[in-house]
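*Asks:* Input work_33.txt, format and content: compact mmCIF, C-alpha atoms and all ligand atoms.
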# COMPACT_ATOMS: atom_id res chain seq x y z
CA MET A 1 -7.21 38.54 31.00
CA MET A 2 -9.78 40.69 29.19
CA LYS A 3 -11.55 43.29 31.28
CA ILE A 4 -15.31 42.88 31.65
CA HIS A 5 -16.97 45.94 30.20
CA GLU A 6 -19.11 47.69 32.77
CA PRO A 7 -21.13 50.34 31.03
CA ALA A 8 -21.80 53.77 32.45
CA LYS A 9 -25.52 54.06 31.82
CA GLY A 10 -25.95 57.48 30.23
CA ASP A 11 -23.28 57.00 27.58
CA TYR A 12 -24.09 53.38 26.83
CA THR A 13 -26.48 52.81 23.98
CA ILE A 14 -28.83 49.89 23.73
CA ALA A 15 -30.53 49.16 20.43
CA ILE A 16 -33.87 47.40 20.33
CA ILE A 17 -34.71 45.74 17.04
CA GLY A 18 -38.39 44.79 16.90
CA CYS A 19 -40.73 46.85 19.06
CA GLY A 20 -43.72 44.64 19.77
CA VAL A 21 -44.84 43.17 23.09
CA ILE A 22 -41.31 42.35 24.25
CA GLY A 23 -39.29 45.13 22.58
CA THR A 24 -41.42 47.95 24.01
CA SER A 25 -41.23 46.44 27.50
CA TRP A 26 -37.43 46.12 27.25
CA ALA A 27 -37.26 49.72 26.00
CA ALA A 28 -39.16 50.97 29.05
CA LEU A 29 -36.95 48.97 31.41
CA PHE A 30 -33.61 49.99 29.88
CA SER A 31 -34.61 53.63 29.68
CA SER A 32 -35.95 53.63 33.24
CA TYR A 33 -32.51 52.48 34.37
CA GLY A 34 -30.98 55.48 32.59
CA TYR A 35 -29.70 53.91 29.38
CA THR A 36 -30.00 55.58 26.02
CA VAL A 37 -32.28 53.33 23.96
CA ARG A 38 -32.43 53.46 20.17
CA LEU A 39 -35.39 51.67 18.64
CA TRP A 40 -36.18 50.28 15.22
CA ASP A 41 -39.12 48.28 13.91
CA ALA A 42 -39.94 47.31 10.34
CA ALA A 43 -43.73 47.91 10.47
CA PRO A 44 -45.08 51.09 8.89
CA GLY A 45 -46.15 53.66 11.49
CA TRP A 46 -44.52 51.77 14.37
CA GLN A 47 -43.41 55.01 16.04
CA GLN A 48 -47.04 55.96 16.80
CA ARG A 49 -47.89 52.46 18.06
CA VAL A 50 -45.06 52.15 20.60
CA ASP A 51 -45.60 55.41 22.52
CA ALA A 52 -48.49 54.13 24.65
CA PRO A 53 -47.06 50.75 25.76
CA ILE A 54 -43.67 52.28 26.58
CA ALA A 55 -45.28 55.11 28.57
CA ALA A 56 -47.52 52.64 30.45
CA ALA A 57 -44.58 50.37 31.32
CA LYS A 58 -42.46 53.33 32.45
CA SER A 59 -45.28 54.49 34.67
CA GLN A 60 -45.48 50.99 36.27
CA LEU A 61 -41.72 51.09 36.82
CA ARG A 62 -42.04 54.52 38.45
CA ASP A 63 -44.56 52.94 40.84
CA LEU A 64 -41.78 50.52 41.76
CA GLY A 65 -39.37 53.39 42.34
CA ILE A 66 -37.42 52.94 39.09
CA SER A 67 -37.65 56.33 37.49
CA GLY A 68 -34.60 56.93 35.32
CA ASP A 69 -35.17 58.83 32.11
CA GLY A 70 -32.70 57.52 29.56
CA ARG A 71 -33.24 58.89 26.06
CA LEU A 72 -35.59 56.94 23.80
CA VAL A 73 -34.73 57.52 20.15
CA TYR A 74 -37.02 56.23 17.41
CA CYS A 75 -34.64 55.56 14.51
CA PRO A 76 -35.37 55.80 10.78
CA THR A 77 -33.32 52.68 9.94
CA LEU A 78 -31.87 49.62 11.65
CA GLU A 79 -28.42 50.98 10.82
CA ALA A 80 -29.12 54.19 12.74
CA ALA A 81 -30.33 52.18 15.73
CA VAL A 82 -27.33 49.87 16.04
CA ALA A 83 -24.45 52.01 14.75
CA GLU A 84 -23.21 53.00 18.21
CA ALA A 85 -24.78 50.28 20.30
CA GLY A 86 -22.94 48.44 23.06
CA TRP A 87 -25.87 46.05 23.35
CA VAL A 88 -28.45 45.02 20.76
CA GLN A 89 -31.62 43.39 22.07
CA GLU A 90 -33.14 41.58 19.09
CA SER A 91 -36.89 41.18 19.68
CA THR A 92 -38.30 40.42 16.24
CA PRO A 93 -40.94 37.72 15.58
CA GLU A 94 -40.11 34.09 16.30
CA SER A 95 -39.20 33.27 12.68
CA LEU A 96 -35.78 32.05 11.60
CA ASP A 97 -36.14 33.83 8.25
CA VAL A 98 -36.87 37.18 9.92
CA LYS A 99 -34.06 36.72 12.45
CA ARG A 100 -31.62 35.67 9.66
CA SER A 101 -32.16 38.91 7.76
CA VAL A 102 -32.15 41.05 10.93
CA PHE A 103 -28.90 39.48 12.19
CA ALA A 104 -27.27 40.08 8.79
CA ASP A 105 -28.16 43.78 9.02
CA ILE A 106 -27.06 44.01 12.66
CA GLY A 107 -23.75 42.31 11.77
CA ALA A 108 -23.17 44.76 8.95
CA HIS A 109 -23.80 47.91 11.01
CA ALA A 110 -23.25 47.31 14.75
CA PRO A 111 -19.83 47.82 16.37
CA ARG A 112 -17.82 44.59 16.40
CA ALA A 113 -17.70 44.60 20.22
CA ALA A 114 -21.48 44.92 20.70
CA ILE A 115 -23.30 42.12 22.48
CA ILE A 116 -26.12 40.79 20.34
CA ALA A 117 -28.82 39.45 22.64
CA SER A 118 -31.79 37.57 21.22
CA SER A 119 -35.06 37.49 23.16
CA THR A 120 -35.97 34.24 21.41
CA SER A 121 -38.33 31.90 23.26
CA SER A 122 -37.79 28.75 21.26
CA PHE A 123 -34.62 28.90 19.15
CA THR A 124 -31.43 27.57 20.64
CA TRP A 125 -28.25 29.64 20.66
CA THR A 126 -26.73 27.05 18.28
CA SER A 127 -29.49 27.54 15.72
CA LEU A 128 -28.89 31.31 15.75
CA ALA A 129 -25.09 31.20 15.88
CA GLY A 130 -24.79 30.45 12.17
CA LEU A 131 -26.75 33.62 11.39
CA VAL A 132 -24.32 36.10 12.97
CA LEU A 133 -20.88 37.28 11.95
CA ASP A 134 -19.24 36.70 15.34
CA PRO A 135 -21.06 34.07 17.46
CA SER A 136 -18.80 34.79 20.45
CA ARG A 137 -20.75 38.06 20.96
CA LEU A 138 -24.18 36.40 20.54
CA ILE A 139 -26.25 35.46 23.57
CA THR A 140 -29.79 34.33 24.05
CA ALA A 141 -31.39 36.49 26.74
CA HIS A 142 -34.88 35.19 27.22
CA PRO A 143 -37.21 37.32 29.33
CA PHE A 144 -40.56 36.45 30.83
CA ASN A 145 -43.44 38.59 29.72
CA PRO A 146 -43.60 41.44 30.64
CA PRO A 147 -39.81 41.83 30.89
CA HIS A 148 -40.02 45.21 32.66
CA LEU A 149 -41.82 43.53 35.60
CA MET A 150 -40.71 39.89 35.59
CA PRO A 151 -37.20 39.62 37.05
CA LEU A 152 -36.17 36.36 35.35
CA VAL A 153 -33.85 36.47 32.33
CA GLU A 154 -32.37 33.22 31.02
CA VAL A 155 -28.97 33.61 29.43
CA TYR A 156 -26.93 31.32 27.25
CA ALA A 157 -23.51 32.53 26.10
CA ALA A 158 -20.64 30.79 24.38
CA THR A 159 -17.94 31.96 26.79
CA ASP A 160 -17.63 32.60 30.52
CA LEU A 161 -16.52 36.15 29.83
CA VAL A 162 -19.57 37.11 27.77
CA ALA A 163 -21.84 35.25 30.21
CA ALA A 164 -20.36 37.24 33.12
CA GLN A 165 -20.84 40.47 31.19
CA ALA A 166 -24.46 39.62 30.40
CA LEU A 167 -25.33 38.46 33.91
CA GLY A 168 -23.73 41.61 35.35
CA PHE A 169 -25.69 43.79 32.97
CA PHE A 170 -29.03 42.21 33.86
CA ARG A 171 -28.32 42.28 37.61
CA GLY A 172 -27.58 45.99 37.21
CA ILE A 173 -31.12 46.56 35.94
CA GLY A 174 -32.81 44.68 38.75
CA ARG A 175 -33.22 41.38 36.89
CA ARG A 176 -32.59 37.90 38.24
CA PRO A 177 -30.57 36.31 35.42
CA ILE A 178 -29.82 32.60 35.36
CA ARG A 179 -27.17 31.00 33.17
CA LEU A 180 -27.85 27.89 31.12
CA ARG A 181 -24.90 25.49 31.16
CA ILE A 182 -26.25 23.65 28.11
CA ASP A 183 -27.99 25.24 25.14
CA ALA A 184 -31.45 23.75 25.75
CA THR A 185 -34.62 24.33 23.73
CA GLY A 186 -37.10 26.36 25.79
CA HIS A 187 -34.36 27.38 28.24
CA VAL A 188 -35.33 26.40 31.82
CA ALA A 189 -38.54 28.22 32.71
CA ASN A 190 -40.40 27.46 29.50
CA ARG A 191 -39.44 23.80 29.78
CA LEU A 192 -41.00 23.84 33.26
CA ALA A 193 -44.00 25.85 32.08
CA SER A 194 -44.45 23.51 29.11
CA ALA A 195 -44.38 20.46 31.36
CA LEU A 196 -47.03 22.00 33.59
CA TRP A 197 -49.21 23.16 30.69
CA ARG A 198 -48.97 19.77 28.99
CA GLU A 199 -50.53 18.21 32.07
CA ALA A 200 -53.02 21.08 32.42
CA VAL A 201 -54.22 20.43 28.84
CA HIS A 202 -54.34 16.69 29.53
CA ILE A 203 -56.48 17.28 32.63
CA VAL A 204 -58.97 19.34 30.59
CA ALA A 205 -58.90 16.99 27.57
CA SER A 206 -59.51 13.93 29.71
CA GLY A 207 -62.32 15.60 31.67
CA ILE A 208 -60.67 15.59 35.12
CA ALA A 209 -61.36 19.31 35.65
CA ASP A 210 -62.27 22.35 33.58
CA VAL A 211 -59.96 25.18 32.49
CA ALA A 212 -60.91 27.64 35.25
CA ASP A 213 -60.48 25.04 37.99
CA VAL A 214 -57.08 23.97 36.64
CA ASP A 215 -55.98 27.62 36.65
CA ALA A 216 -57.33 28.06 40.19
CA ALA A 217 -55.50 24.90 41.29
CA VAL A 218 -52.22 26.49 40.22
CA VAL A 219 -52.83 30.09 41.32
CA ASP A 220 -54.27 29.26 44.74
CA GLY A 221 -52.21 26.13 45.26
CA PRO A 222 -48.60 25.49 44.29
CA GLY A 223 -48.30 28.68 42.20
CA LEU A 224 -48.64 30.80 45.31
CA ARG A 225 -45.99 28.69 47.03
CA TRP A 226 -43.72 28.71 43.96
CA SER A 227 -43.65 32.49 44.10
CA THR A 228 -41.80 32.11 47.41
CA VAL A 229 -39.73 28.93 46.96
CA GLY A 230 -38.90 26.81 43.92
CA PRO A 231 -40.07 23.22 43.43
CA HIS A 232 -36.97 21.61 44.93
CA MET A 233 -37.02 23.82 48.02
CA ALA A 234 -40.78 23.26 48.37
CA TYR A 235 -40.16 19.51 48.76
CA HIS A 236 -37.27 20.19 51.14
CA LEU A 237 -39.83 21.94 53.35
CA GLY A 238 -42.32 19.12 52.71
CA GLY A 239 -39.88 16.64 54.24
CA GLY A 240 -40.20 18.07 57.75
CA PRO A 241 -37.08 18.38 59.90
CA GLY A 242 -35.37 15.72 57.74
CA GLY A 243 -35.82 17.94 54.68
CA ILE A 244 -35.38 16.75 51.11
CA ARG A 245 -33.57 13.54 52.06
CA ASN A 246 -36.50 12.49 54.22
CA TYR A 247 -38.96 13.57 51.51
CA LEU A 248 -37.19 11.50 48.86
CA GLN A 249 -37.08 8.48 51.11
CA HIS A 250 -40.65 8.82 52.30
CA LEU A 251 -42.45 10.08 49.20
CA GLY A 252 -39.98 9.75 46.32
CA ASP A 253 -41.60 6.56 45.01
CA SER A 254 -45.04 8.17 45.11
CA GLN A 255 -43.74 10.89 42.77
CA VAL A 256 -42.52 8.24 40.34
CA ARG A 257 -45.98 6.60 40.38
CA ARG A 258 -47.60 9.98 39.66
CA TRP A 259 -45.14 10.74 36.83
CA ALA A 260 -46.12 7.43 35.24
CA ASP A 261 -49.76 8.56 35.13
CA LEU A 262 -49.18 11.98 33.51
CA GLY A 263 -50.65 12.59 30.08
CA SER A 264 -49.21 13.56 26.72
CA PRO A 265 -52.06 15.31 24.89
CA THR A 266 -52.15 16.19 21.22
CA LEU A 267 -53.52 19.59 20.25
CA SER A 268 -56.34 18.20 18.10
CA ASP A 269 -59.07 20.57 16.87
CA ASP A 270 -61.38 19.33 19.65
CA VAL A 271 -58.77 19.90 22.37
CA ARG A 272 -57.96 23.39 21.04
CA GLU A 273 -61.66 24.23 21.03
CA ALA A 274 -62.12 22.93 24.60
CA ILE A 275 -59.16 25.00 25.84
CA ALA A 276 -60.23 28.15 23.97
CA LYS A 277 -63.87 27.88 25.18
CA GLY A 278 -62.68 27.22 28.74
CA VAL A 279 -60.40 30.25 28.74
CA GLU A 280 -63.16 32.44 27.29
CA ARG A 281 -65.51 31.30 30.06
CA GLU A 282 -62.81 32.03 32.65
CA ALA A 283 -62.20 35.49 31.14
CA ALA A 284 -65.95 36.20 31.50
CA GLY A 285 -66.03 39.01 28.97
CA ARG A 286 -62.88 40.78 30.22
CA SER A 287 -60.65 41.88 27.34
CA VAL A 288 -57.01 40.84 27.05
CA ASP A 289 -56.06 44.44 27.95
CA VAL A 290 -58.12 44.34 31.14
CA LEU A 291 -56.76 40.91 32.12
CA ALA A 292 -53.17 42.06 31.46
CA HIS A 293 -53.77 45.21 33.51
CA ASP A 294 -55.09 43.14 36.43
CA ARG A 295 -52.16 40.72 36.15
CA ASP A 296 -49.68 43.61 36.14
CA ALA A 297 -51.33 45.24 39.18
CA LEU A 298 -50.90 42.00 41.16
CA LEU A 299 -47.34 41.56 39.89
CA ILE A 300 -46.43 45.10 40.96
CA ALA A 301 -48.01 44.61 44.40
CA THR A 302 -46.12 41.31 44.80
CA LEU A 303 -42.81 42.86 43.73
CA ARG A 304 -43.34 45.71 46.20
CA VAL A 305 -43.98 43.31 49.08
CA ARG A 306 -40.91 41.26 48.17
CA GLU A 307 -38.76 44.36 48.04
CA ALA A 308 -40.09 45.61 51.39
CA LEU A 309 -39.35 42.22 53.01
CA GLN A 310 -35.81 42.19 51.62
CA GLN A 311 -34.96 45.62 53.09
N1 LIG B 1 -44.56 37.46 23.82
C1 LIG B 1 -43.98 36.73 24.76
O1 LIG B 1 -44.61 36.29 25.74
C2 LIG B 1 -42.50 36.48 24.70
C3 LIG B 1 -41.81 36.15 25.89
C4 LIG B 1 -40.42 35.98 25.85
C5 LIG B 1 -39.74 36.07 24.63
N2 LIG B 1 -40.43 36.36 23.48
C6 LIG B 1 -39.65 36.47 22.23
O2 LIG B 1 -39.49 37.85 21.92
C7 LIG B 1 -39.42 38.01 20.49
C8 LIG B 1 -40.47 39.03 20.08
O3 LIG B 1 -41.75 38.54 20.44
P1 LIG B 1 -43.01 39.51 20.62
O4 LIG B 1 -44.02 38.73 21.38
O5 LIG B 1 -42.58 40.84 21.10
O6 LIG B 1 -43.48 39.65 19.09
P2 LIG B 1 -44.37 40.84 18.45
O7 LIG B 1 -44.98 40.26 17.23
O8 LIG B 1 -45.24 41.46 19.50
O9 LIG B 1 -43.27 41.93 18.05
C9 LIG B 1 -42.34 41.74 17.01
C10 LIG B 1 -42.05 43.10 16.40
O10 LIG B 1 -41.03 42.94 15.43
C11 LIG B 1 -41.38 43.76 14.30
N3 LIG B 1 -40.67 43.23 13.14
C12 LIG B 1 -41.07 42.27 12.26
N4 LIG B 1 -40.10 42.07 11.33
C13 LIG B 1 -39.09 42.93 11.64
C14 LIG B 1 -37.83 43.20 11.06
N5 LIG B 1 -37.40 42.55 9.98
N6 LIG B 1 -37.05 44.18 11.61
C15 LIG B 1 -37.47 44.85 12.73
N7 LIG B 1 -38.67 44.63 13.31
C16 LIG B 1 -39.45 43.67 12.79
C17 LIG B 1 -42.88 43.69 14.20
O11 LIG B 1 -43.39 44.81 13.48
C18 LIG B 1 -43.27 43.73 15.69
O12 LIG B 1 -43.45 45.05 16.15
C19 LIG B 1 -39.62 36.63 19.90
O13 LIG B 1 -38.36 36.07 19.58
C20 LIG B 1 -40.31 35.85 21.01
O14 LIG B 1 -40.05 34.47 20.96
C21 LIG B 1 -41.79 36.58 23.50
As a first step, turn the structure in this file into structure tokens.

*Replies:*
Amino acid sequence: MMKIHEPAKGDYTIAIIGCGVIGTSWAALFSSYGYTVRLWDAAPGWQQRVDAPIAAAKSQLRDLGISGDGRLVYCPTLEAAVAEAGWVQESTPESLDVKRSVFADIGAHAPRAAIIASSTSSFTWTSLAGLVLDPSRLITAHPFNPPHLMPLVEVYAATDLVAAQALGFFRGIGRRPIRLRIDATGHVANRLASALWREAVHIVASGIADVADVDAAVVDGPGLRWSTVGPHMAYHLGGGPGGIRNYLQHLGDSQVRRWADLGSPTLSDDVREAIAKGVEREAAGRSVDVLAHDRDALLIATLRVREALQQ
């Protein structure tokens, strides 16, 4: 049986290809866990642009007690970034044409044994497999934004061995990886998020409630509960001492009636405008940077409390 490769952090190089929202956050995380990180981005002047977000994310990780200082190397070419990589985290825009050309370059220059992990949100593993030289080393490793704070990573791999390697790697950097058994569009969490948002848009479009109230209904209602237990466990607890079996017997049919009433909105110009105006009202003049800062502060506080409770 092949041995699962367990990297020693300092001498294990991770390449990040594409250093935007997701790539810079990954870079901060990997480096804060002590890995050497070699970065490449195709945009002119990218080296100046990435300093601030990486520094900010590393500072947030330090607040969480994760303070490794793996080397961050801004590379002059993709080849220089991947040449000695054990892991390549592809984080380029969600375009098959871009990913096709990036995978061709990675295939030409990365070591044959390197894992090639795509951050893709919407492409299936199968749709990417034809773009790489050796699909057995390709995985999808989908983070939740921002990856340096959100523990979830959704992994699809072609073999048990590569899946075990990937799950082990992510656990080693404090993530909570889950493995998809079937290569599904949108992985698990975005399928769930899409189902919820579809209904949220329907509620706004059909006038049941406005954008801010729908957001409040999630954040101060089930969202708060979902940050402690998932939807199945929540109903187990909703079933009293008889748990989920009692819940299904008592209230299962009521769920089916509610499912039958859910909407399936189209994103017409009017609906887009209603959503955009509603969000702008909810933001009340706060910039995206300010909102993201406030979100991150709450995320960090929540992660701290969870960690304290687990000790
Ligand atoms: N933003 C999110 O919430 C989110 C969440 C999870 C996964 N993802 C996935 O992560 C990936 C990256 O998304 P993002 O939001 O960081 O995008 P982004 O636009 O912020 O960053 C993409 C970066 O790739 C660079 N780039 C473009 N072409 C390139 C090329 N040929 N070679 C190297 N770099 C190139 C761009 O200059 C940019 O810096 C996508 O596949 C997306 O689906 C995004």

*Asks:* So which residues touch segment 261-269 of chain A within 12 Å, counting only C-alpha atoms, skipping near sequence neighbours fewer than 6 positions away, as a PyMOL selection string?

*Replies:* chain A and resi 194-206+208+254-255+275-276

*Asks:* Ligand LIG 1 (chain B): which residues are within 10 Å, counting all atoms listed in the file? Reply as a ChimeraX atom specification.

*Replies:* /A:16-26,39-47,49-50,77-78,89-103,105,118-123,140-147,153-154,186,190

*Asks:* Of the residues A:Leu29, A:Leu291, A:Asp69, A:Pro111, which is the one nearest to Pro53 of chain A, using only C-alpha atoms?

*Replies:*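 Nearest candidate to Pro53 of chain A out of A:Leu29, A:Leu291, A:Asp69, A:Pro111: A:Leu29.
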
*Asks:* Excluding Glu79 of chain A and any residue of its chain fewer than 5 positions from it, enumerate the residues within 8 Å of it, using all atoms listed in the file, and give them as a PDB file with C-alpha atoms, in the frame of the given file.

*Replies:*
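Wrote it out as result_37.pdb, contents follow:
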ATOM      1  CA  ASP A 105     -28.160  43.780   9.020  1.00  0.00           C
ATOM      2  CA  ILE A 106     -27.060  44.010  12.660  1.00  0.00           C
ATOM      3  CA  HIS A 109     -23.800  47.910  11.010  1.00  0.00           C
ATOM      4  CA  ALA A 110     -23.250  47.310  14.750  1.00  0.00           C
TER       5      ALA A 110
END

*Asks:* Can you tell me, as a short mmCIF file (atom, residue, chain, number, x, y, z; two decimals) with C-alpha atoms, keeping the file's coordinate frame, what residues are no more than 10 Å from Ala234 of chain A when counting only C-alpha atoms, ignoring any on the same chain fewer than 6 positions away?

*Replies:*
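What landed in part-v7.cif:
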data_model
loop_
_atom_site.label_atom_id
_atom_site.label_comp_id
_atom_site.auth_asym_id
_atom_site.auth_seq_id
_atom_site.Cartn_x
_atom_site.Cartn_y
_atom_site.Cartn_z
CA PRO A 222 -48.60 25.49 44.29
CA ARG A 225 -45.99 28.69 47.03
CA TRP A 226 -43.72 28.71 43.96
CA THR A 228 -41.80 32.11 47.41
CA GLY A 243 -35.82 17.94 54.68
CA ILE A 244 -35.38 16.75 51.11
#

*Asks:* Nearest to Leu152 of chain A among A:Gly172, A:Asp210, A:Gln165, A:Ala189, with distances taken over only C-alpha atoms: which residue is it?

*Replies:*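 Nearest candidate to Leu152 of chain A out of A:Gly172, A:Asp210, A:Gln165, A:Ala189: A:Ala189.
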
*Asks:* Could you please determine the separation between atom CA of Ala80 of chain A and atom CA of Arg38 of chain A in Å, to one decimal place?

*Replies:* 8.2 Å

*Asks:* Between A:Arg137, A:Gln310, A:Asp63, A:Thr302, which has the minimum distance to Ser227 of chain A (counting only C-alpha atoms)?

*Replies:*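 Looking at the shortest contact to Ser227 of chain A, the residue is A:Thr302.
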
*Asks:* Go through A:Leu309, A:Leu61, A:Ala284, A:Ala52 one by one, measure the shortest atom-to-atom distance of each to Leu149 of chain A using all atoms listed in the file, and give the residue with the smallest value.

*Replies:*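 Checking each candidate against Leu149 of chain A, we get A:Leu61 as the closest.
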
*Asks:* Counting all atoms listed in the file, which residues have an atom no more than 12 Å from (-63.2, 28.3, 29.5) in the file's coordinates? Please list them as a PyMOL selection string.

*Replies:* chain A and resi 201+204+209-215+271-285

*Asks:* How about saving the chosen residues, C-alpha atoms kept, as a short mmCIF file (atom, residue, chain, number, x, y, z; two decimals), in the frame of the given file?

*Replies:*
data_model
loop_
_atom_site.label_atom_id
_atom_site.label_comp_id
_atom_site.auth_asym_id
_atom_site.auth_seq_id
_atom_site.Cartn_x
_atom_site.Cartn_y
_atom_site.Cartn_z
CA VAL A 201 -54.22 20.43 28.84
CA VAL A 204 -58.97 19.34 30.59
CA ALA A 209 -61.36 19.31 35.65
CA ASP A 210 -62.27 22.35 33.58
CA VAL A 211 -59.96 25.18 32.49
CA ALA A 212 -60.91 27.64 35.25
CA ASP A 213 -60.48 25.04 37.99
CA VAL A 214 -57.08 23.97 36.64
CA ASP A 215 -55.98 27.62 36.65
CA VAL A 271 -58.77 19.90 22.37
CA ARG A 272 -57.96 23.39 21.04
CA GLU A 273 -61.66 24.23 21.03
CA ALA A 274 -62.12 22.93 24.60
CA ILE A 275 -59.16 25.00 25.84
CA ALA A 276 -60.23 28.15 23.97
CA LYS A 277 -63.87 27.88 25.18
CA GLY A 278 -62.68 27.22 28.74
CA VAL A 279 -60.40 30.25 28.74
CA GLU A 280 -63.16 32.44 27.29
CA ARG A 281 -65.51 31.30 30.06
CA GLU A 282 -62.81 32.03 32.65
CA ALA A 283 -62.20 35.49 31.14
CA ALA A 284 -65.95 36.20 31.50
CA GLY A 285 -66.03 39.01 28.97
#

*Asks:* Quick one: residues within 10 Å of Asp11 of chain A, only C-alpha atoms counted, chain neighbours fewer than 6 positions away excluded, as an MDAnalysis selection string?

*Replies:* chainID A and resid 34:36 70 86

*Asks:* For segment 93-107 of chain A, take all atoms listed in the file, fit an axis-aligned box around them, add 6 Å to each of the six sides, then output centre and edge lengths in Å rounded to one decimal, as lines of an AutoDock Vina configuration file.

*Replies:*
center_x = -32.3
center_y = 38.0
center_z = 12.0
size_x = 29.2
size_y = 24.0
size_z = 20.5

*Asks:* Considering all atoms listed in the file, return as a ChimeraX atom specification whatever protein or nucleic-acid residues lie within 10 Å of Ile173 of chain A, sequence-local ones (same chain, fewer than 5 positions apart) excluded.

*Replies:* /A:29-30,32-35,66,148,151,168

*Asks:* Give me, please, the distance in Å between atom CA of Ala113 of chain A and atom CA of Ser31 of chain A, quoted to one decimal.

*Replies:* 21.4 Å

*Asks:* Of the candidates A:His293, A:His187, A:Lys58, A:Arg112, which one gets nearest to Val82 of chain A if we count only C-alpha atoms?

*Replies:* A:Arg112

*Asks:* So the first atom is atom CA of Ala114 of chain A and the second is atom CA of Gly68 of chain A; what is the distance between them in Å, to one decimal place?

*Replies:* 23.0 Å

*Asks:* Measuring atom to atom with only C-alpha atoms, identify which of A:Thr159, A:Asn246, A:Gln60, A:Thr185 is nearest to Asp296 of chain A.

*Replies:*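 Closest to Asp296 of chain A, using only C-alpha atoms: A:Gln60.
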